[in-house]
Amino acid sequence: MHSGKRVVDHLVKAVSALGVRHIFGVDGANIEDLYDAAFDHRELVTAVVAKHEFAAATMADGYARSTSGLGVVCATSGGGAVNLVAGLAESYASRVPVLALVGQPPTVLEGKGAFQDSSGQAGSFDAVALFTPISHYCARVESPADLPAHLTHAAAAARRGGPAVLLLPKDIQQAELDAPDFVPPTHAYRRDIETLWRVLHVVRGARATGKVVIIAGDQVARDNARAELARFAAALDAAVGVAPDAKDVYHQADPGFCGVSGSMGNPELLDALRGAALCLLIGTRMPVTARAGMEDALGAVPLASIGVMPPFLPARHAHSNDLAKTLAELIGELGSAAGDPEAEAVPPRSRSPHEPPLTSLSVPPSDGPGLRYREVVETINATLPEGADVFADAGNTGAAVVHHLRLPRHGRFTVALGMGGMGYAFGAGIGSAFARHRRPDGSARRTYVIAGDGAFFMHGMEIHTAIEHELPITFIVFNNNAHAMCITREQLYYGDRYSFNRFRPAYPGAGMAAMFPDLCAHAPESPAELDAALRHCADRPGPSFVSVDCDPDEIPPFTPFLTPPRR
């Protein structure tokens with residue numbers, strides 16, 4: 001027996017103090033003490049065992065995105081630690097706060113041939129050097145007394161947006177630690193007043209002379225600033241577009257909505273920009289996926305920006321690390337300038353039911369097997385329950401979802417465009433479901449994971465974790481027996497002379513039904529069958545699986561594929 005005052009006990013209590021209720025990971029010899037402590041303190045934290053460390057990292061990422069808080073992942077040494085890299089790289093690129101607790105061999109064996117040594121000694125690779133480029137803080141805990149300071153620094157760094165990594169030798173984890181209870185570091189609100197007021201001056205001038213177009217990004221979601229964005233847009237009577245990874249920050253039924261920006265976007269946003277007095281970027285850096293096809297229009301209109309990082313385009317930028325607070329301040333200033341003391345209470349407006357639906361990108365006709373991307377997504381739209389969350393994988397499937405999905409109000413949407421790793425959505429959707437599967441009224445909230453068969457073959461077996469924990473998730477796989485985006489590129493850019501990316505037929509629906517007899521599994525062959533399958537899944541508890549055959553040669557709504565001539 002132990003005293004309950006080990007380093008790992010302190011860690012588990014600290015994770016709970018940070019507002020985290022789940023730790024995601026894969027067990028192993030050099031992280032098992034953390035799982036032991038999680039069992040002892042199971043009233044505080046639930047430890048989840050994933051099937052792969054990449055998926056565990058994406059679970060922490062999805063958990064953090066959906067809660068606007070912190071995600072925690074753990075892994076053992078060696079291959080377990082290295083498997084975290086792709087998931088943490090996505091969190092780094094997308095500025096998602098994740099704390100990684102990584103086990104290491106005992107300090108007495110470092111540099112002495114320890115199994116899975118990554119101390120950097122005696123020819124072993126250095127885990128600090130591995131994780132430092134994809135984290136905002138990385139440290140090896142050399143003694144128990146060092147842990148509280150490292151933990152404070154790591155938590156503060158992660159909350160600034162991105163991963164923090166603590167490397168924990170096994171003997172350090174097991175050691176006694178007599179330290180005060182962990183107190184989470186404060187997250188100070190920071191904004192640049194001078195530049196913010198300059199941006200406000202530009203906004204006032206543009207509002208007086210013409211139309212303001214807002215393009216909102218994923219920082220709005222991270223800062224939980226959706227309500228403030230809606231009120232700010234109402235105060236400006238602005239047109240609003242969203243970046244591809246921010247479909248949940250402004251509802252499509254709200255007034256002035258012009259659709260998605262960039263490579264999977266809608267023409268209405270481009271039209272709005274062409275007649276605008278100002279384009280105001282809120283919480284987006286406008287990477288290529290968010291601006292492709294819009295460069296000329298963005299270059300012809302004045303640009304201003306508010307967010308934690310300046311955009312990739314030339315713009316008058318004001319720094320803010322909390323958009324909820326900053327937008328509330330700006331709403332107050334706009335109201336006070338107009339002499340309206342009640343302006344801070346401006347409610348979001350309702351979109352007129354007479355406004356026409358947004359224009360979809362025109363894609364070449366497809367006459368191959370299976371259902372078309374659009375009819376699959378439109379069927380999903382018709383069956384999504386109120387408040388449902390959607391996680392989409394990148395690729396042709398992701399492009400179709402970003403372009404055509406109509407998210408229910410109060411739902412969350414995530415597509416990983418930082419690194420675009422295939423299979424991300426399986427783990428991220430599971431992590432989010434742990435946080436959000438119960439609504440405040442106690443009813444179940446369903447999560448939808450939408451991915452291609454290539455992503456499924458990479459990390460789809462993480463469905464086992466959802467089954468083990470009976471999570472209300474519907475997994476929808478677009479099965480085209482191919483890496484379809486690679487096929488599209490072979491056709492458009494390499495003369496359609498060959499394909500490395502077509503595979504013999506597989507039957508994921510039948511396979512999952514055989515592997516998990518209690519799993520609600522379907523393989524519909526028509527839109528009507530798909531509609532019935534999705535409604536059946538939504539009415540059942542726990543996870544479900546739907547495999548939909550699609551055409552590997554269908555071109556998705558992705559502007560780079562719609563403009564180049566075929567070679």
# chains A, B, ... in the order shown; residues from 1 in each chain; ligands from 1
call {"tool": "residues_around", "arguments": {"residues": "region 367-383 of chain A", "least_positions_apart": "5", "cutoff": "6 Å", "atoms": "only C-alpha atoms", "output": "list in words"}}
result
Arg406, Asp531, Asp549, Cys550 and Asp551 of chain A
call {"tool": "write_last_selection", "arguments": {"atoms": "N, CA, C and O atoms", "output": "compact mmCIF listing (two decimals), in the first residue's frame"}}
result
# COMPACT_ATOMS: atom_id res chain seq x y z
N ARG A 406 -25.35 21.45 -42.36
CA ARG A 406 -26.07 22.48 -41.62
C ARG A 406 -26.14 22.02 -40.17
O ARG A 406 -26.96 21.16 -39.81
N ASP A 531 -31.53 7.47 -44.56
CA ASP A 531 -32.39 8.23 -43.65
C ASP A 531 -32.93 7.34 -42.54
O ASP A 531 -32.88 7.70 -41.35
N ASP A 549 -21.58 3.45 -49.27
CA ASP A 549 -20.73 3.36 -50.45
C ASP A 549 -20.82 4.65 -51.27
O ASP A 549 -21.91 5.20 -51.48
N CYS A 550 -19.65 5.12 -51.71
CA CYS A 550 -19.55 6.35 -52.51
C CYS A 550 -18.65 6.10 -53.71
O CYS A 550 -17.96 5.08 -53.81
N ASP A 551 -18.66 7.06 -54.62
CA ASP A 551 -17.90 6.96 -55.87
C ASP A 551 -16.50 7.52 -55.65
O ASP A 551 -16.35 8.70 -55.32
call {"tool": "select_by_dssp", "arguments": {"residues": "region 315-517 of chain A", "states": "helix (DSSP H, G or I)", "output": "ChimeraX atom specification"}}
result
/A:323-337,343-345,373-383,396-404,424-436,453-468,484-493,508-515
call {"tool": "select_by_dssp", "arguments": {"residues": "region 58-156 of chain A", "states": "strand (DSSP E)", "output": "list in words"}}
result
Gly71, Val72, Val73, Cys74, Ala75, Val98, Leu99, Ala100, Leu101, Val102, Gly103, Gln104, Tyr137, Cys138, Ala139 and Arg140 of chain A
call {"tool": "write_last_selection", "arguments": {"atoms": "N, CA, C and O atoms", "output": "JSON list (two decimals), in the first residue's frame"}}
result
[["chain", "number", "residue", "atom", "x", "y", "z"],
["A", 71, "GLY", "N", -7.44, 19.64, -22.25],
["A", 71, "GLY", "CA", -7.48, 18.20, -22.42],
["A", 71, "GLY", "C", -6.20, 17.59, -21.87],
["A", 71, "GLY", "O", -5.14, 18.23, -21.89],
["A", 72, "VAL", "N", -6.27, 16.37, -21.35],
["A", 72, "VAL", "CA", -5.10, 15.71, -20.77],
["A", 72, "VAL", "C", -4.93, 14.33, -21.41],
["A", 72, "VAL", "O", -5.89, 13.55, -21.48],
["A", 73, "VAL", "N", -3.71, 14.04, -21.86],
["A", 73, "VAL", "CA", -3.37, 12.75, -22.44],
["A", 73, "VAL", "C", -2.16, 12.20, -21.71],
["A", 73, "VAL", "O", -1.30, 12.96, -21.25],
["A", 74, "CYS", "N", -2.10, 10.87, -21.59],
["A", 74, "CYS", "CA", -0.93, 10.26, -20.99],
["A", 74, "CYS", "C", -0.47, 9.11, -21.86],
["A", 74, "CYS", "O", -1.24, 8.51, -22.61],
["A", 75, "ALA", "N", 0.82, 8.79, -21.76],
["A", 75, "ALA", "CA", 1.39, 7.70, -22.54],
["A", 75, "ALA", "C", 2.62, 7.18, -21.83],
["A", 75, "ALA", "O", 3.26, 7.89, -21.05],
["A", 98, "VAL", "N", -3.60, 21.28, -24.50],
["A", 98, "VAL", "CA", -3.51, 19.87, -24.12],
["A", 98, "VAL", "C", -2.28, 19.70, -23.23],
["A", 98, "VAL", "O", -1.20, 20.19, -23.53],
["A", 99, "LEU", "N", -2.46, 18.99, -22.12],
["A", 99, "LEU", "CA", -1.36, 18.64, -21.24],
["A", 99, "LEU", "C", -1.04, 17.17, -21.46],
["A", 99, "LEU", "O", -1.91, 16.30, -21.29],
["A", 100, "ALA", "N", 0.20, 16.86, -21.83],
["A", 100, "ALA", "CA", 0.64, 15.49, -22.07],
["A", 100, "ALA", "C", 1.54, 15.05, -20.93],
["A", 100, "ALA", "O", 2.56, 15.70, -20.63],
["A", 101, "LEU", "N", 1.18, 13.94, -20.28],
["A", 101, "LEU", "CA", 1.95, 13.35, -19.19],
["A", 101, "LEU", "C", 2.58, 12.08, -19.73],
["A", 101, "LEU", "O", 1.87, 11.10, -20.02],
["A", 102, "VAL", "N", 3.90, 12.08, -19.89],
["A", 102, "VAL", "CA", 4.59, 11.02, -20.62],
["A", 102, "VAL", "C", 5.55, 10.29, -19.69],
["A", 102, "VAL", "O", 6.49, 10.89, -19.15],
["A", 103, "GLY", "N", 5.31, 9.00, -19.50],
["A", 103, "GLY", "CA", 6.17, 8.20, -18.65],
["A", 103, "GLY", "C", 7.55, 7.99, -19.26],
["A", 103, "GLY", "O", 7.72, 7.99, -20.48],
["A", 104, "GLN", "N", 8.53, 7.80, -18.39],
["A", 104, "GLN", "CA", 9.91, 7.57, -18.79],
["A", 104, "GLN", "C", 10.51, 6.46, -17.90],
["A", 104, "GLN", "O", 10.02, 6.21, -16.79],
["A", 137, "TYR", "N", 5.63, 24.22, -23.76],
["A", 137, "TYR", "CA", 6.43, 23.96, -22.58],
["A", 137, "TYR", "C", 6.72, 22.48, -22.55],
["A", 137, "TYR", "O", 5.83, 21.65, -22.74],
["A", 138, "CYS", "N", 7.98, 22.13, -22.37],
["A", 138, "CYS", "CA", 8.36, 20.72, -22.27],
["A", 138, "CYS", "C", 9.48, 20.61, -21.24],
["A", 138, "CYS", "O", 10.48, 21.34, -21.32],
["A", 139, "ALA", "N", 9.30, 19.73, -20.28],
["A", 139, "ALA", "CA", 10.31, 19.57, -19.23],
["A", 139, "ALA", "C", 10.34, 18.13, -18.73],
["A", 139, "ALA", "O", 9.30, 17.47, -18.65],
["A", 140, "ARG", "N", 11.54, 17.68, -18.40],
["A", 140, "ARG", "CA", 11.71, 16.40, -17.72],
["A", 140, "ARG", "C", 11.74, 16.67, -16.22],
["A", 140, "ARG", "O", 12.53, 17.49, -15.74]]
call {"tool": "closest_atom_pairs", "arguments": {"of": "region 188-226 of chain A", "to": "region 295-299 of chain A", "cutoff": "12 Å", "atoms": "only C-alpha atoms", "output": "tab-separated table"}}
result
residue	atom	partner	partner_atom	distance
A:Val213	CA	A:Leu298	CA	10.7
A:Ile214	CA	A:Leu298	CA	11.8
A:Ile215	CA	A:Leu298	CA	11.0
call {"tool": "residues_around", "arguments": {"residues": "region 533-546 of chain A", "least_positions_apart": "2", "cutoff": "9 Å", "atoms": "only C-alpha atoms", "output": "number ranges by chain"}}
result
A: 379-380, 383-385, 444, 446, 463, 466-467, 469-478, 508-509, 512-513, 519-524, 528-531, 548
call {"tool": "residues_around", "arguments": {"residues": "Tyr189 (chain A)", "least_positions_apart": "3", "cutoff": "12 Å", "atoms": "only C-alpha atoms", "output": "PDB file with C-alpha atoms, in the first residue's frame"}}
result
ATOM      1  CA  ARG A 159      -3.884  27.600 -21.588  1.00  0.00           C
ATOM      2  CA  ARG A 160      -2.132  30.086 -23.859  1.00  0.00           C
ATOM      3  CA  THR A 186      -4.767  32.384 -13.380  1.00  0.00           C
ATOM      4  CA  ASP A 192      -3.677  45.617 -26.713  1.00  0.00           C
ATOM      5  CA  ILE A 193      -5.853  48.614 -25.881  1.00  0.00           C
ATOM      6  CA  ASP A 223     -12.862  31.420 -26.151  1.00  0.00           C
ATOM      7  CA  VAL A 308      -4.492  36.038 -30.316  1.00  0.00           C
ATOM      8  CA  HIS A 319      -4.252  41.337 -29.956  1.00  0.00           C
ATOM      9  CA  SER A 320      -6.786  39.641 -27.672  1.00  0.00           C
ATOM     10  CA  ASN A 321      -6.478  36.364 -25.787  1.00  0.00           C
ATOM     11  CA  ASP A 322     -10.176  36.338 -24.823  1.00  0.00           C
ATOM     12  CA  LEU A 323     -12.598  37.237 -27.584  1.00  0.00           C
ATOM     13  CA  ALA A 324     -15.648  36.905 -25.345  1.00  0.00           C
ATOM     14  CA  LYS A 325     -14.430  39.765 -23.171  1.00  0.00           C
ATOM     15  CA  THR A 326     -13.062  41.842 -26.040  1.00  0.00           C
TER      16      THR A 326
END
call {"tool": "residues_around", "arguments": {"residues": "region 171-182 of chain A", "least_positions_apart": "3", "cutoff": "6 Å", "atoms": "only C-alpha atoms", "output": "list in words"}}
result
Lys5, Arg6, Val7, Val8, Ala14, Pro106 and Pro144 of chain A
call {"tool": "write_last_selection", "arguments": {"atoms": "N, CA, C and O atoms", "output": "PDB file, in the first residue's frame"}}
result
ATOM      1  N   LYS A   5       0.218  10.022  -1.111  1.00  0.00           N
ATOM      2  CA  LYS A   5       0.905  11.304  -1.297  1.00  0.00           C
ATOM      3  C   LYS A   5       2.030  11.174  -2.315  1.00  0.00           C
ATOM      4  O   LYS A   5       3.044  11.855  -2.237  1.00  0.00           O
ATOM      5  N   ARG A   6       1.828  10.292  -3.290  1.00  0.00           N
ATOM      6  CA  ARG A   6       2.825  10.143  -4.348  1.00  0.00           C
ATOM      7  C   ARG A   6       2.731  11.308  -5.349  1.00  0.00           C
ATOM      8  O   ARG A   6       1.733  12.041  -5.387  1.00  0.00           O
ATOM      9  N   VAL A   7       3.751  11.405  -6.169  1.00  0.00           N
ATOM     10  CA  VAL A   7       3.721  12.383  -7.259  1.00  0.00           C
ATOM     11  C   VAL A   7       2.496  12.164  -8.138  1.00  0.00           C
ATOM     12  O   VAL A   7       1.812  13.121  -8.536  1.00  0.00           O
ATOM     13  N   VAL A   8       2.176  10.895  -8.436  1.00  0.00           N
ATOM     14  CA  VAL A   8       1.029  10.643  -9.307  1.00  0.00           C
ATOM     15  C   VAL A   8      -0.287  11.026  -8.630  1.00  0.00           C
ATOM     16  O   VAL A   8      -1.234  11.465  -9.306  1.00  0.00           O
ATOM     17  N   ALA A  14      -4.327  17.498  -9.265  1.00  0.00           N
ATOM     18  CA  ALA A  14      -4.101  18.742 -10.000  1.00  0.00           C
ATOM     19  C   ALA A  14      -4.931  18.782 -11.277  1.00  0.00           C
ATOM     20  O   ALA A  14      -5.506  19.821 -11.633  1.00  0.00           O
ATOM     21  N   PRO A 106      13.050   4.710 -15.176  1.00  0.00           N
ATOM     22  CA  PRO A 106      13.573   5.289 -13.934  1.00  0.00           C
ATOM     23  C   PRO A 106      14.862   6.079 -14.171  1.00  0.00           C
ATOM     24  O   PRO A 106      15.672   5.732 -15.040  1.00  0.00           O
ATOM     25  N   PRO A 144      10.964  14.862  -7.316  1.00  0.00           N
ATOM     26  CA  PRO A 144       9.584  15.133  -6.892  1.00  0.00           C
ATOM     27  C   PRO A 144       9.345  16.599  -6.538  1.00  0.00           C
ATOM     28  O   PRO A 144       8.290  17.151  -6.861  1.00  0.00           O
TER      29      PRO A 144
END
call {"tool": "closest_residue", "arguments": {"among": "A:Val128, A:Ala122, A:Val183, A:Ile430", "to": "Leu168 (chain A)", "atoms": "only C-alpha atoms"}}
result
A:Val128
call {"tool": "residues_around", "arguments": {"residues": "region 131-135 of chain A", "least_positions_apart": "4", "cutoff": "6 Å", "atoms": "only C-alpha atoms", "output": "MDAnalysis selection string"}}
result
chainID A and resid 89 92 163:164
call {"tool": "closest_atom_pairs", "arguments": {"of": "region 305-417 of chain A", "to": "region 244-249 of chain A", "cutoff": "12 Å", "atoms": "only C-alpha atoms", "output": "CSV"}}
result
residue,atom,partner,partner_atom,distance
A:Leu323,CA,A:Val249,CA,12.0
A:Ala324,CA,A:Val249,CA,11.9
A:Gly387,CA,A:Asp248,CA,10.8
A:Ala388,CA,A:Asp248,CA,11.0
A:Asp389,CA,A:Asp248,CA,9.3
A:Val390,CA,A:Asp248,CA,9.5
A:Phe391,CA,A:Asp245,CA,10.2
A:Ala392,CA,A:Asp245,CA,9.8
A:Asp393,CA,A:Asp245,CA,11.1
A:Ala394,CA,A:Asp245,CA,10.4
A:Gly398,CA,A:Pro244,CA,9.8
A:Ala399,CA,A:Pro244,CA,9.0
A:Ala400,CA,A:Pro244,CA,11.2
A:Val401,CA,A:Pro244,CA,9.9
A:Val402,CA,A:Pro244,CA,6.3
A:His403,CA,A:Pro244,CA,8.3
A:His404,CA,A:Lys247,CA,10.8
A:Leu405,CA,A:Lys247,CA,8.9
A:Arg406,CA,A:Lys247,CA,8.7
A:Leu407,CA,A:Asp248,CA,7.0
A:Pro408,CA,A:Asp248,CA,8.8
A:Arg409,CA,A:Asp248,CA,8.1
A:His410,CA,A:Asp248,CA,7.9
A:Gly411,CA,A:Asp248,CA,6.8
A:Arg412,CA,A:Asp248,CA,5.5
A:Phe413,CA,A:Asp248,CA,5.4
A:Thr414,CA,A:Asp245,CA,6.0
A:Val415,CA,A:Asp245,CA,5.5
A:Ala416,CA,A:Asp245,CA,7.1
A:Leu417,CA,A:Asp245,CA,6.9
call {"tool": "residues_around", "arguments": {"residues": "His464 (chain A)", "least_positions_apart": "3", "cutoff": "9 Å", "atoms": "only C-alpha atoms", "output": "mmCIF file with all heavy atoms, in the first residue's frame"}}
result
data_model
loop_
_atom_site.group_PDB
_atom_site.id
_atom_site.type_symbol
_atom_site.label_atom_id
_atom_site.label_comp_id
_atom_site.auth_asym_id
_atom_site.auth_seq_id
_atom_site.Cartn_x
_atom_site.Cartn_y
_atom_site.Cartn_z
ATOM 1 N N ALA A 50 -7.313 4.147 -24.498
ATOM 2 C CA ALA A 50 -7.566 4.171 -25.934
ATOM 3 C C ALA A 50 -6.869 2.988 -26.595
ATOM 4 O O ALA A 50 -6.141 2.222 -25.959
ATOM 5 C CB ALA A 50 -7.072 5.494 -26.524
ATOM 6 N N LYS A 51 -7.051 2.856 -27.896
ATOM 7 C CA LYS A 51 -6.424 1.771 -28.633
ATOM 8 C C LYS A 51 -5.060 2.185 -29.187
ATOM 9 O O LYS A 51 -4.259 1.322 -29.552
ATOM 10 C CB LYS A 51 -7.320 1.319 -29.804
ATOM 11 C CG LYS A 51 -8.767 1.049 -29.388
ATOM 12 C CD LYS A 51 -8.937 -0.221 -28.585
ATOM 13 C CE LYS A 51 -8.929 -0.037 -27.085
ATOM 14 N NZ LYS A 51 -9.994 0.806 -26.544
ATOM 15 N N GLY A 460 -10.020 3.778 -37.175
ATOM 16 C CA GLY A 460 -11.418 3.507 -36.906
ATOM 17 C C GLY A 460 -11.667 2.498 -35.802
ATOM 18 O O GLY A 460 -12.754 2.469 -35.219
ATOM 19 N N MET A 461 -10.671 1.652 -35.483
ATOM 20 C CA MET A 461 -10.896 0.691 -34.413
ATOM 21 C C MET A 461 -11.020 1.362 -33.046
ATOM 22 O O MET A 461 -11.331 0.708 -32.052
ATOM 23 C CB MET A 461 -9.780 -0.350 -34.395
ATOM 24 C CG MET A 461 -9.872 -1.396 -35.489
ATOM 25 S SD MET A 461 -11.449 -2.335 -35.466
ATOM 26 C CE MET A 461 -12.367 -1.519 -36.759
ATOM 27 N N ILE A 467 -17.578 1.824 -27.683
ATOM 28 C CA ILE A 467 -18.421 0.690 -27.288
ATOM 29 C C ILE A 467 -18.203 0.362 -25.817
ATOM 30 O O ILE A 467 -19.163 0.140 -25.060
ATOM 31 C CB ILE A 467 -18.117 -0.525 -28.182
ATOM 32 C CG1 ILE A 467 -18.563 -0.247 -29.617
ATOM 33 C CG2 ILE A 467 -18.785 -1.784 -27.639
ATOM 34 C CD1 ILE A 467 -18.134 -1.299 -30.616
ATOM 35 N N GLU A 468 -16.930 0.347 -25.394
ATOM 36 C CA GLU A 468 -16.616 0.019 -24.005
ATOM 37 C C GLU A 468 -17.296 0.991 -23.037
ATOM 38 O O GLU A 468 -17.728 0.603 -21.950
ATOM 39 C CB GLU A 468 -15.101 0.049 -23.787
ATOM 40 C CG GLU A 468 -14.354 -1.129 -24.386
ATOM 41 C CD GLU A 468 -14.649 -2.411 -23.625
ATOM 42 O OE1 GLU A 468 -14.314 -2.496 -22.436
ATOM 43 O OE2 GLU A 468 -15.244 -3.324 -24.239
ATOM 44 N N HIS A 469 -17.411 2.242 -23.432
ATOM 45 C CA HIS A 469 -17.975 3.261 -22.539
ATOM 46 C C HIS A 469 -19.408 3.643 -22.910
ATOM 47 O O HIS A 469 -19.956 4.594 -22.335
ATOM 48 C CB HIS A 469 -17.069 4.493 -22.529
ATOM 49 C CG HIS A 469 -15.741 4.251 -21.896
ATOM 50 N ND1 HIS A 469 -15.523 4.410 -20.549
ATOM 51 C CD2 HIS A 469 -14.559 3.833 -22.421
ATOM 52 C CE1 HIS A 469 -14.251 4.114 -20.268
ATOM 53 N NE2 HIS A 469 -13.654 3.759 -21.378
ATOM 54 N N PHE A 516 -18.583 -6.736 -33.576
ATOM 55 C CA PHE A 516 -19.299 -6.265 -32.384
ATOM 56 C C PHE A 516 -20.786 -6.574 -32.556
ATOM 57 O O PHE A 516 -21.548 -5.720 -33.040
ATOM 58 C CB PHE A 516 -19.066 -4.774 -32.179
ATOM 59 C CG PHE A 516 -17.621 -4.374 -32.131
ATOM 60 C CD1 PHE A 516 -17.028 -3.686 -33.181
ATOM 61 C CD2 PHE A 516 -16.830 -4.699 -31.035
ATOM 62 C CE1 PHE A 516 -15.694 -3.314 -33.133
ATOM 63 C CE2 PHE A 516 -15.493 -4.337 -30.972
ATOM 64 C CZ PHE A 516 -14.922 -3.643 -32.031
#
call {"tool": "atom_distance", "arguments": {"atom1": "CA of Ala221 (chain A)", "atom2": "CA of Leu269 (chain A)"}}
result
20.4 Å
call {"tool": "atom_distance", "arguments": {"atom1": "CA of Ser16 (chain A)", "atom2": "CA of Arg222 (chain A)"}}
result
20.0 Å
call {"tool": "closest_residue", "arguments": {"among": "A:Thr559, A:Ser94, A:Ser119, A:Thr359", "to": "Gly420 (chain A)", "atoms": "only C-alpha atoms"}}
result
A:Ser94
call {"tool": "closest_residue", "arguments": {"among": "A:Ala304, A:Leu147, A:Leu236, A:Ala272", "to": "Val202 (chain A)", "atoms": "only C-alpha atoms"}}
result
A:Ala304
call {"tool": "decode", "arguments": {"residues": "region 40-46 of chain A", "atoms": "all heavy atoms", "output": "PDB file, in the first residue's frame"}}
result
ATOM      1  N   ASP A  40      -7.469   5.277  -7.551  1.00  0.00           N
ATOM      2  CA  ASP A  40      -7.637   5.685  -6.158  1.00  0.00           C
ATOM      3  C   ASP A  40      -8.469   6.953  -6.030  1.00  0.00           C
ATOM      4  O   ASP A  40      -9.131   7.167  -5.006  1.00  0.00           O
ATOM      5  CB  ASP A  40      -6.266   5.898  -5.501  1.00  0.00           C
ATOM      6  CG  ASP A  40      -5.538   4.592  -5.230  1.00  0.00           C
ATOM      7  OD1 ASP A  40      -6.189   3.525  -5.267  1.00  0.00           O
ATOM      8  OD2 ASP A  40      -4.312   4.631  -5.006  1.00  0.00           O
ATOM      9  N   HIS A  41      -8.419   7.806  -7.050  1.00  0.00           N
ATOM     10  CA  HIS A  41      -9.143   9.090  -7.004  1.00  0.00           C
ATOM     11  C   HIS A  41     -10.220   9.130  -8.093  1.00  0.00           C
ATOM     12  O   HIS A  41     -10.466  10.175  -8.709  1.00  0.00           O
ATOM     13  CB  HIS A  41      -8.158  10.250  -7.174  1.00  0.00           C
ATOM     14  CG  HIS A  41      -7.054  10.259  -6.167  1.00  0.00           C
ATOM     15  ND1 HIS A  41      -7.241  10.573  -4.849  1.00  0.00           N
ATOM     16  CD2 HIS A  41      -5.727   9.953  -6.292  1.00  0.00           C
ATOM     17  CE1 HIS A  41      -6.103  10.484  -4.194  1.00  0.00           C
ATOM     18  NE2 HIS A  41      -5.166  10.113  -5.042  1.00  0.00           N
ATOM     19  N   ARG A  42     -10.870   7.991  -8.299  1.00  0.00           N
ATOM     20  CA  ARG A  42     -11.838   7.868  -9.392  1.00  0.00           C
ATOM     21  C   ARG A  42     -13.063   8.752  -9.203  1.00  0.00           C
ATOM     22  O   ARG A  42     -13.820   8.980 -10.157  1.00  0.00           O
ATOM     23  CB  ARG A  42     -12.249   6.413  -9.577  1.00  0.00           C
ATOM     24  CG  ARG A  42     -12.768   5.728  -8.338  1.00  0.00           C
ATOM     25  CD  ARG A  42     -12.817   4.197  -8.561  1.00  0.00           C
ATOM     26  NE  ARG A  42     -13.265   3.472  -7.369  1.00  0.00           N
ATOM     27  CZ  ARG A  42     -12.468   3.142  -6.355  1.00  0.00           C
ATOM     28  NH1 ARG A  42     -11.186   3.506  -6.352  1.00  0.00           N
ATOM     29  NH2 ARG A  42     -12.938   2.457  -5.323  1.00  0.00           N
ATOM     30  N   GLU A  43     -13.270   9.275  -7.997  1.00  0.00           N
ATOM     31  CA  GLU A  43     -14.369  10.227  -7.815  1.00  0.00           C
ATOM     32  C   GLU A  43     -14.026  11.586  -8.429  1.00  0.00           C
ATOM     33  O   GLU A  43     -14.912  12.423  -8.633  1.00  0.00           O
ATOM     34  CB  GLU A  43     -14.690  10.383  -6.321  1.00  0.00           C
ATOM     35  CG  GLU A  43     -13.701  11.215  -5.521  1.00  0.00           C
ATOM     36  CD  GLU A  43     -12.395  10.492  -5.177  1.00  0.00           C
ATOM     37  OE1 GLU A  43     -12.261   9.305  -5.558  1.00  0.00           O
ATOM     38  OE2 GLU A  43     -11.531  11.105  -4.517  1.00  0.00           O
ATOM     39  N   LEU A  44     -12.756  11.796  -8.725  1.00  0.00           N
ATOM     40  CA  LEU A  44     -12.310  13.066  -9.310  1.00  0.00           C
ATOM     41  C   LEU A  44     -12.121  12.970 -10.817  1.00  0.00           C
ATOM     42  O   LEU A  44     -12.491  13.896 -11.551  1.00  0.00           O
ATOM     43  CB  LEU A  44     -10.979  13.501  -8.671  1.00  0.00           C
ATOM     44  CG  LEU A  44     -10.964  13.748  -7.163  1.00  0.00           C
ATOM     45  CD1 LEU A  44      -9.552  14.112  -6.712  1.00  0.00           C
ATOM     46  CD2 LEU A  44     -11.944  14.847  -6.784  1.00  0.00           C
ATOM     47  N   VAL A  45     -11.515  11.880 -11.262  1.00  0.00           N
ATOM     48  CA  VAL A  45     -11.091  11.772 -12.658  1.00  0.00           C
ATOM     49  C   VAL A  45     -11.337  10.351 -13.152  1.00  0.00           C
ATOM     50  O   VAL A  45     -11.119   9.386 -12.404  1.00  0.00           O
ATOM     51  CB  VAL A  45      -9.592  12.121 -12.802  1.00  0.00           C
ATOM     52  CG1 VAL A  45      -9.084  11.760 -14.190  1.00  0.00           C
ATOM     53  CG2 VAL A  45      -9.355  13.606 -12.542  1.00  0.00           C
ATOM     54  N   THR A  46     -11.783  10.229 -14.401  1.00  0.00           N
ATOM     55  CA  THR A  46     -11.921   8.922 -15.056  1.00  0.00           C
ATOM     56  C   THR A  46     -10.772   8.738 -16.028  1.00  0.00           C
ATOM     57  O   THR A  46     -10.557   9.581 -16.914  1.00  0.00           O
ATOM     58  CB  THR A  46     -13.251   8.826 -15.811  1.00  0.00           C
ATOM     59  OG1 THR A  46     -14.327   8.953 -14.882  1.00  0.00           O
ATOM     60  CG2 THR A  46     -13.368   7.496 -16.552  1.00  0.00           C
TER      61      THR A  46
END
